[in-house]
Every structure is written in structure tokens, then in C-alpha cells.
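The next block is data_18.pdb, given as PDB, C-alpha atoms and all ligand atoms.
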MODEL        1
ATOM      1  CA  MET N   1       5.036 -10.789 -12.023  1.00  0.00           C
ATOM      2  CA  LYS N   2       6.553 -10.929  -8.573  1.00  0.00           C
ATOM      3  CA  ALA N   3       5.194  -8.605  -5.876  1.00  0.00           C
ATOM      4  CA  ALA N   4       6.444  -7.824  -2.388  1.00  0.00           C
ATOM      5  CA  ILE N   5       3.827  -6.424  -0.010  1.00  0.00           C
ATOM      6  CA  LEU N   6       4.642  -4.122   2.911  1.00  0.00           C
ATOM      7  CA  VAL N   7       1.984  -3.212   5.461  1.00  0.00           C
ATOM      8  CA  GLU N   8       1.481  -0.883   8.398  1.00  0.00           C
ATOM      9  CA  SER N   9      -1.696  -1.665  10.351  1.00  0.00           C
ATOM     10  CA  LEU N  10      -3.131  -0.933  13.795  1.00  0.00           C
ATOM     11  CA  THR N  11      -6.472  -2.745  13.881  1.00  0.00           C
ATOM     12  CA  GLY N  12      -6.042  -5.154  10.965  1.00  0.00           C
ATOM     13  CA  ASN N  13      -7.950  -3.488   8.107  1.00  0.00           C
ATOM     14  CA  THR N  14      -4.835  -2.800   6.100  1.00  0.00           C
ATOM     15  CA  TRP N  15      -3.554  -6.361   6.607  1.00  0.00           C
ATOM     16  CA  LYS N  16      -6.950  -7.592   5.439  1.00  0.00           C
ATOM     17  CA  ALA N  17      -6.755  -5.355   2.370  1.00  0.00           C
ATOM     18  CA  ALA N  18      -3.227  -6.571   1.654  1.00  0.00           C
ATOM     19  CA  ASP N  19      -4.386 -10.192   1.977  1.00  0.00           C
ATOM     20  CA  LYS N  20      -7.173  -9.621  -0.509  1.00  0.00           C
ATOM     21  CA  ILE N  21      -4.854  -7.832  -2.926  1.00  0.00           C
ATOM     22  CA  GLY N  22      -2.267 -10.619  -2.649  1.00  0.00           C
ATOM     23  CA  ALA N  23      -4.890 -13.323  -3.202  1.00  0.00           C
ATOM     24  CA  SER N  24      -6.311 -11.552  -6.266  1.00  0.00           C
ATOM     25  CA  LEU N  25      -2.875 -11.093  -7.766  1.00  0.00           C
ATOM     26  CA  GLN N  26      -2.068 -14.768  -7.188  1.00  0.00           C
ATOM     27  CA  GLN N  27      -5.251 -15.649  -9.050  1.00  0.00           C
ATOM     28  CA  GLU N  28      -3.842 -13.605 -11.928  1.00  0.00           C
ATOM     29  CA  GLY N  29      -0.706 -15.744 -11.839  1.00  0.00           C
ATOM     30  CA  TRP N  30       1.498 -13.369  -9.842  1.00  0.00           C
ATOM     31  CA  SER N  31       3.849 -14.583  -7.097  1.00  0.00           C
ATOM     32  CA  ILE N  32       3.850 -12.866  -3.720  1.00  0.00           C
ATOM     33  CA  VAL N  33       7.520 -13.025  -2.743  1.00  0.00           C
ATOM     34  CA  GLY N  34       7.216 -11.076   0.521  1.00  0.00           C
ATOM     35  CA  PHE N  35       4.480 -10.055   2.942  1.00  0.00           C
ATOM     36  CA  ASP N  36       5.980  -8.032   5.782  1.00  0.00           C
ATOM     37  CA  PRO N  37       5.447  -5.063   8.081  1.00  0.00           C
ATOM     38  CA  VAL N  38       6.781  -1.743   6.774  1.00  0.00           C
ATOM     39  CA  ARG N  39       8.872  -1.585   9.944  1.00  0.00           C
ATOM     40  CA  LYS N  40      10.538  -4.933   9.209  1.00  0.00           C
ATOM     41  CA  PRO N  41      10.969  -4.895   5.453  1.00  0.00           C
ATOM     42  CA  ASN N  42      12.272  -8.034   3.814  1.00  0.00           C
ATOM     43  CA  HIS N  43      15.148  -6.634   1.777  1.00  0.00           C
ATOM     44  CA  GLY N  44      15.561  -9.815  -0.265  1.00  0.00           C
ATOM     45  CA  ALA N  45      11.899  -9.846  -1.232  1.00  0.00           C
ATOM     46  CA  ILE N  46      11.998  -6.178  -2.217  1.00  0.00           C
ATOM     47  CA  GLN N  47      15.021  -6.833  -4.375  1.00  0.00           C
ATOM     48  CA  GLU N  48      13.443  -9.882  -5.990  1.00  0.00           C
ATOM     49  CA  ALA N  49      10.085  -8.224  -6.650  1.00  0.00           C
ATOM     50  CA  ASP N  50       9.110  -6.581  -9.927  1.00  0.00           C
ATOM     51  CA  ILE N  51       6.744  -4.392  -7.964  1.00  0.00           C
ATOM     52  CA  VAL N  52       6.402  -3.414  -4.313  1.00  0.00           C
ATOM     53  CA  LEU N  53       2.978  -2.671  -2.806  1.00  0.00           C
ATOM     54  CA  VAL N  54       2.999  -0.441   0.248  1.00  0.00           C
ATOM     55  CA  GLY N  55      -0.112  -0.123   2.412  1.00  0.00           C
ATOM     56  CA  THR N  56      -0.920   1.891   5.504  1.00  0.00           C
ATOM     57  CA  TRP N  57      -3.906   3.589   7.142  1.00  0.00           C
ATOM     58  CA  VAL N  58      -5.115   7.153   7.352  1.00  0.00           C
ATOM     59  CA  HIS N  59      -4.515   8.928  10.633  1.00  0.00           C
ATOM     60  CA  GLY N  60      -5.787  12.370  11.490  1.00  0.00           C
ATOM     61  CA  LEU N  61      -8.738  14.262  12.851  1.00  0.00           C
ATOM     62  CA  PHE N  62     -11.022  12.644  10.251  1.00  0.00           C
ATOM     63  CA  VAL N  63     -11.736  15.878   8.346  1.00  0.00           C
ATOM     64  CA  VAL N  64      -8.418  17.646   8.768  1.00  0.00           C
ATOM     65  CA  GLY N  65      -4.826  16.647   9.276  1.00  0.00           C
ATOM     66  CA  GLN N  66      -5.085  13.298   7.513  1.00  0.00           C
ATOM     67  CA  ALA N  67      -1.759  11.634   6.850  1.00  0.00           C
ATOM     68  CA  PRO N  68      -0.421   8.152   6.282  1.00  0.00           C
ATOM     69  CA  TRP N  69       0.394   6.513   9.587  1.00  0.00           C
ATOM     70  CA  GLY N  70       3.988   5.327   9.839  1.00  0.00           C
ATOM     71  CA  ILE N  71       5.300   7.617   7.122  1.00  0.00           C
ATOM     72  CA  GLY N  72       8.654   7.632   8.930  1.00  0.00           C
ATOM     73  CA  GLY N  73       8.909   3.882   8.325  1.00  0.00           C
ATOM     74  CA  ILE N  74       8.020   4.326   4.664  1.00  0.00           C
ATOM     75  CA  ALA N  75      10.682   7.030   4.369  1.00  0.00           C
ATOM     76  CA  LYS N  76      13.228   4.554   5.761  1.00  0.00           C
ATOM     77  CA  LEU N  77      12.426   1.702   3.391  1.00  0.00           C
ATOM     78  CA  PRO N  78      15.420   0.438   1.450  1.00  0.00           C
ATOM     79  CA  ALA N  79      16.266   2.308  -1.725  1.00  0.00           C
ATOM     80  CA  MET N  80      14.059   1.090  -4.576  1.00  0.00           C
ATOM     81  CA  ARG N  81      15.761   2.762  -7.482  1.00  0.00           C
ATOM     82  CA  ASP N  82      13.547   2.478 -10.574  1.00  0.00           C
ATOM     83  CA  LYS N  83      11.484  -0.260  -8.917  1.00  0.00           C
ATOM     84  CA  LYS N  84       7.761  -0.078  -9.607  1.00  0.00           C
ATOM     85  CA  VAL N  85       5.732   0.674  -6.494  1.00  0.00           C
ATOM     86  CA  ALA N  86       2.013   1.118  -5.819  1.00  0.00           C
ATOM     87  CA  ALA N  87       0.528   2.529  -2.626  1.00  0.00           C
ATOM     88  CA  PHE N  88      -2.738   1.973  -0.805  1.00  0.00           C
ATOM     89  CA  ALA N  89      -4.235   3.344   2.383  1.00  0.00           C
ATOM     90  CA  THR N  90      -7.345   2.256   4.267  1.00  0.00           C
ATOM     91  CA  PHE N  91      -9.545   4.934   5.796  1.00  0.00           C
ATOM     92  CA  ALA N  92     -12.901   5.502   7.515  1.00  0.00           C
ATOM     93  CA  LEU N  93     -14.153   8.887   6.394  1.00  0.00           C
ATOM     94  CA  ASN N  94     -11.810  10.945   4.281  1.00  0.00           C
ATOM     95  CA  PRO N  95      -8.264  10.086   3.211  1.00  0.00           C
ATOM     96  CA  GLY N  96      -7.274  13.697   2.526  1.00  0.00           C
ATOM     97  CA  LYS N  97      -3.919  13.895   0.757  1.00  0.00           C
ATOM     98  CA  THR N  98      -2.610  10.644   2.240  1.00  0.00           C
ATOM     99  CA  LEU N  99      -1.862   9.070  -1.137  1.00  0.00           C
ATOM    100  CA  ASP N 100       0.009  12.151  -2.347  1.00  0.00           C
ATOM    101  CA  VAL N 101       2.206  12.060   0.742  1.00  0.00           C
ATOM    102  CA  MET N 102       2.861   8.339   0.292  1.00  0.00           C
ATOM    103  CA  THR N 103       3.706   8.860  -3.371  1.00  0.00           C
ATOM    104  CA  ARG N 104       6.156  11.665  -2.674  1.00  0.00           C
ATOM    105  CA  THR N 105       7.798   9.710   0.128  1.00  0.00           C
ATOM    106  CA  LEU N 106       8.165   6.570  -1.981  1.00  0.00           C
ATOM    107  CA  GLN N 107       9.656   8.660  -4.769  1.00  0.00           C
ATOM    108  CA  THR N 108      12.370   9.770  -2.358  1.00  0.00           C
ATOM    109  CA  ARG N 109      13.363   6.066  -2.158  1.00  0.00           C
ATOM    110  CA  GLY N 110      13.909   6.155  -5.922  1.00  0.00           C
ATOM    111  CA  ALA N 111      10.717   4.230  -6.697  1.00  0.00           C
ATOM    112  CA  GLU N 112       8.639   4.654  -9.830  1.00  0.00           C
ATOM    113  CA  VAL N 113       5.190   5.034  -8.292  1.00  0.00           C
ATOM    114  CA  VAL N 114       2.734   3.558 -10.791  1.00  0.00           C
ATOM    115  CA  GLY N 115      -0.404   4.251  -8.803  1.00  0.00           C
ATOM    116  CA  GLY N 116      -2.188   4.441  -5.518  1.00  0.00           C
ATOM    117  CA  LEU N 117      -5.652   4.147  -4.091  1.00  0.00           C
ATOM    118  CA  ALA N 118      -7.436   4.926  -0.845  1.00  0.00           C
ATOM    119  CA  LEU N 119      -9.587   1.984   0.256  1.00  0.00           C
ATOM    120  CA  HIS N 120     -12.639   2.544   2.450  1.00  0.00           C
ATOM    121  CA  ARG N 121     -12.471   0.153   5.394  1.00  0.00           C
ATOM    122  CA  ALA N 122     -16.133  -0.799   4.947  1.00  0.00           C
ATOM    123  CA  LYS N 123     -15.693  -1.535   1.234  1.00  0.00           C
ATOM    124  CA  LEU N 124     -12.475  -3.516   1.191  1.00  0.00           C
ATOM    125  CA  ASP N 125     -13.768  -6.167  -1.238  1.00  0.00           C
ATOM    126  CA  GLU N 126     -14.848  -3.612  -3.827  1.00  0.00           C
ATOM    127  CA  HIS N 127     -11.930  -1.235  -3.355  1.00  0.00           C
ATOM    128  CA  THR N 128      -9.198  -3.889  -3.327  1.00  0.00           C
ATOM    129  CA  GLU N 129     -10.667  -5.232  -6.560  1.00  0.00           C
ATOM    130  CA  THR N 130     -10.442  -1.753  -8.090  1.00  0.00           C
ATOM    131  CA  PHE N 131      -6.860  -1.449  -6.847  1.00  0.00           C
ATOM    132  CA  VAL N 132      -5.899  -4.768  -8.451  1.00  0.00           C
ATOM    133  CA  ASP N 133      -7.656  -3.923 -11.741  1.00  0.00           C
ATOM    134  CA  ARG N 134      -5.831  -0.599 -11.946  1.00  0.00           C
ATOM    135  CA  LEU N 135      -2.545  -2.209 -10.994  1.00  0.00           C
ATOM    136  CA  LEU N 136      -2.891  -4.831 -13.728  1.00  0.00           C
ATOM    137  CA  GLY N 137      -3.667  -2.035 -16.180  1.00  0.00           C
ATOM    138  CA  ALA N 138      -0.697   0.043 -15.049  1.00  0.00           C
ATOM    139  CA  VAL N 139       1.854  -2.766 -15.341  1.00  0.00           C
ATOM    140  CA  SER N 140       0.614  -3.928 -18.720  1.00  0.00           C
ATOM    141  CA  ALA N 141       0.621  -0.381 -20.129  1.00  0.00           C
TER     142      ALA N 141
HETATM  143  C1  LIG C 201      -6.284   7.455  15.913  1.00  0.00           C
HETATM  144  C2  LIG C 201      -6.987   7.250  14.596  1.00  0.00           C
HETATM  145  C3  LIG C 201      -7.142   8.302  13.726  1.00  0.00           C
HETATM  146  C4  LIG C 201      -7.822   8.127  12.510  1.00  0.00           C
HETATM  147  N1  LIG C 201      -7.964   9.193  11.682  1.00  0.00           N
HETATM  148  C5  LIG C 201      -8.640   9.052  10.521  1.00  0.00           C
HETATM  149  C6  LIG C 201      -8.819  10.164   9.652  1.00  0.00           C
HETATM  150  O1  LIG C 201      -8.372  11.285   9.901  1.00  0.00           O
HETATM  151  N2  LIG C 201      -9.515   9.968   8.492  1.00  0.00           N
HETATM  152  C7  LIG C 201     -10.055   8.747   8.169  1.00  0.00           C
HETATM  153  O2  LIG C 201     -10.683   8.650   7.129  1.00  0.00           O
HETATM  154  N3  LIG C 201      -9.867   7.667   8.971  1.00  0.00           N
HETATM  155  C8  LIG C 201      -9.186   7.790  10.141  1.00  0.00           C
HETATM  156  N4  LIG C 201      -9.025   6.706  10.960  1.00  0.00           N
HETATM  157  C9  LIG C 201      -9.588   5.409  10.574  1.00  0.00           C
HETATM  158  C10 LIG C 201      -8.528   4.462  10.037  1.00  0.00           C
HETATM  159  O3  LIG C 201      -7.801   5.064   8.981  1.00  0.00           O
HETATM  160  C11 LIG C 201      -9.180   3.175   9.507  1.00  0.00           C
HETATM  161  O4  LIG C 201      -9.935   2.562  10.513  1.00  0.00           O
HETATM  162  C12 LIG C 201      -8.143   2.228   8.962  1.00  0.00           C
HETATM  163  O5  LIG C 201      -8.784   1.238   8.185  1.00  0.00           O
HETATM  164  C13 LIG C 201      -7.319   1.575  10.059  1.00  0.00           C
HETATM  165  O6  LIG C 201      -6.426   0.654   9.481  1.00  0.00           O
HETATM  166  P1  LIG C 201      -5.863  -0.591  10.295  1.00  0.00           P
HETATM  167  O7  LIG C 201      -7.051  -1.434  10.750  1.00  0.00           O
HETATM  168  O8  LIG C 201      -5.005  -1.324   9.330  1.00  0.00           O
HETATM  169  O9  LIG C 201      -5.114  -0.054  11.462  1.00  0.00           O
HETATM  170  C14 LIG C 201      -8.355   6.851  12.177  1.00  0.00           C
HETATM  171  C15 LIG C 201      -8.181   5.788  13.051  1.00  0.00           C
HETATM  172  C16 LIG C 201      -7.511   5.969  14.250  1.00  0.00           C
HETATM  173  C17 LIG C 201      -7.341   4.786  15.183  1.00  0.00           C
ENDMDL
END

Represent the supplied structure as C-alpha cells.
Amino acid sequence: MKAAILVESLTGNTWKAADKIGASLQQEGWSIVGFDPVRKPNHGAIQEADIVLVGTWVHGLFVVGQAPWGIGGIAKLPAMRDKKVAAFATFALNPGKTLDVMTRTLQTRGAEVVGGLALHRAKLDEHTETFVDRLLGAVSA
């Protein structure tokens, strides 16, 4: 499988998560055809990919108002009609409905959202592994 990864990150946690996800997928024999900021999407890589992974971080007041940071950039991603997409978001305390918002926004780009997971910033190893396991399950289903 070919994956393109798109990331929005302020302090690096989401890049780190994306790195770990990419490395695990490569170990499973996948190719990572793009690894770019959400704000500078690589259109060729998105087109070439079988699946696009979109990651950002949770912004809010920690217990209320949580939302995916950079949702405007996600809403402006190129059309991904019928392309498989999975979302992830790193957080510190409580992700709220961040994944739901990401899913709905990605669906407006025409994507088939096959899954999403919130990843605690202090448990990136464990949570990225869970993300990859679920992703492998979702694409083989
Ligand atoms: C201004 C700001 C607001 C945040 N709000 C929340 C929040 O509402 N809920 C939460 O769980 N984490 C919140 N966080 C924590 C970040 O989501 C977390 O540190 C994340 O991993 C940052 O990703 P990054 O390192 O890729 O920028 C906030 C962080 C910042 C800087």
C-alpha cells in the first residue's frame, strides 16, 4: 500500500507521531509516498497514495472547546474523491470531539474516512501502534 502523510504540528508531537506511524507502516511493507505539512500538501503524493493519513493536534481550553487545530487547512486539502483517509490527533488531556470534526471535514473533500484515533502525547509509542494496527485491519477488511 502507498500512504501519503499530512501533518499539522506546533511543538512537534504530531510530527513525532506521524514519523512513528510511517516507520511502522514501512515495516509492514507500505511505501510512504509523501510526508508534508497540511498547509503545503503534495498533490502528486495524494494522488498516488492508496490512503492519506491526516494528523493534527487538539486545541481548546483542555476540558471544553476542543477542536482540531488547522481545520481550515484540512478543509482546503485537494479533493480526495473516494480516496481512503484516516485521521489522528495528538492531545494532552481530553480530545473532545476533535476526531468527529476531522472526519466530517475530510468527508467534505470526498474522502472515505476509514478510521481515526486520538493519541495521547505522553503515550505516542503505544497509541501510534494501536493506530497502525487498526489501520491495517481497516484496509484489509
Ligand atoms: C494553545 C494550546 C491549547 C491546547 N488545548 C488542548 C485541549 O483543549 N485539550 C487537550 O487535550 N490538549 C490541548 N493542548 C495540548 C496539545 O494538543 C498537545 O500538546 C499536542 O500533542 C500538541 O501537538 P504538537 O506538538 O504537534 O503541536 C493544547 C496545546 C496548546 C499549545

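Proximity to range 59-61 of chain N at 12 Å, evaluated using only C-alpha atoms and with sequence-adjacent residues fewer than 5 positions away removed, yields Glu8, Ser9, Leu10, Gln66, Ala67, Pro68, Trp69, Gly70, Ile71, Ala89, Thr90, Phe91, Ala92, Leu93, Asn94, Pro95, Gly96, Lys97 and Thr98 of chain N.
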
May I ask which of the residues N:Thr56, N:Leu106, N:Lys83, N:Ala4 is the closest one to Trp30 in chain N, counting all atoms listed in the file? N:Ala4

Residues at most 8 Å from Lys2 in chain N, counting all atoms listed in the file, excluding those fewer than 3 positions away in the same chain, as a VMD selection string? chain N and resid 30 to 33 48 to 51

Padded axis-aligned box of range 5-16 of chain N (6 Å per side), centre and edge lengths, Å, one decimal, as lines of an AutoDock Vina configuration file:
center_x = -1.7
center_y = -4.2
center_z = 6.9
size_x = 24.6
size_y = 18.7
size_z = 25.9

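In terms of minimum interatomic distance to ligand LIG 201 (chain C), N:Gly65 ranks closest within N:Gly65, N:Gly72, N:Gly44, N:Gly110, counting all atoms listed in the file.
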
Output the residue selection produced by the PyMOL selection byres (((chain N and resi 103) around 12) and not hetatm) on the file above, formatted as a ChimeraX atom specification. /N:53-55,67-68,71,74-75,84-89,97-102,104-117

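Separating atom O7 of ligand LIG 201 (chain C) from CA of Gln47 in chain N is a distance of 27.3 Å.
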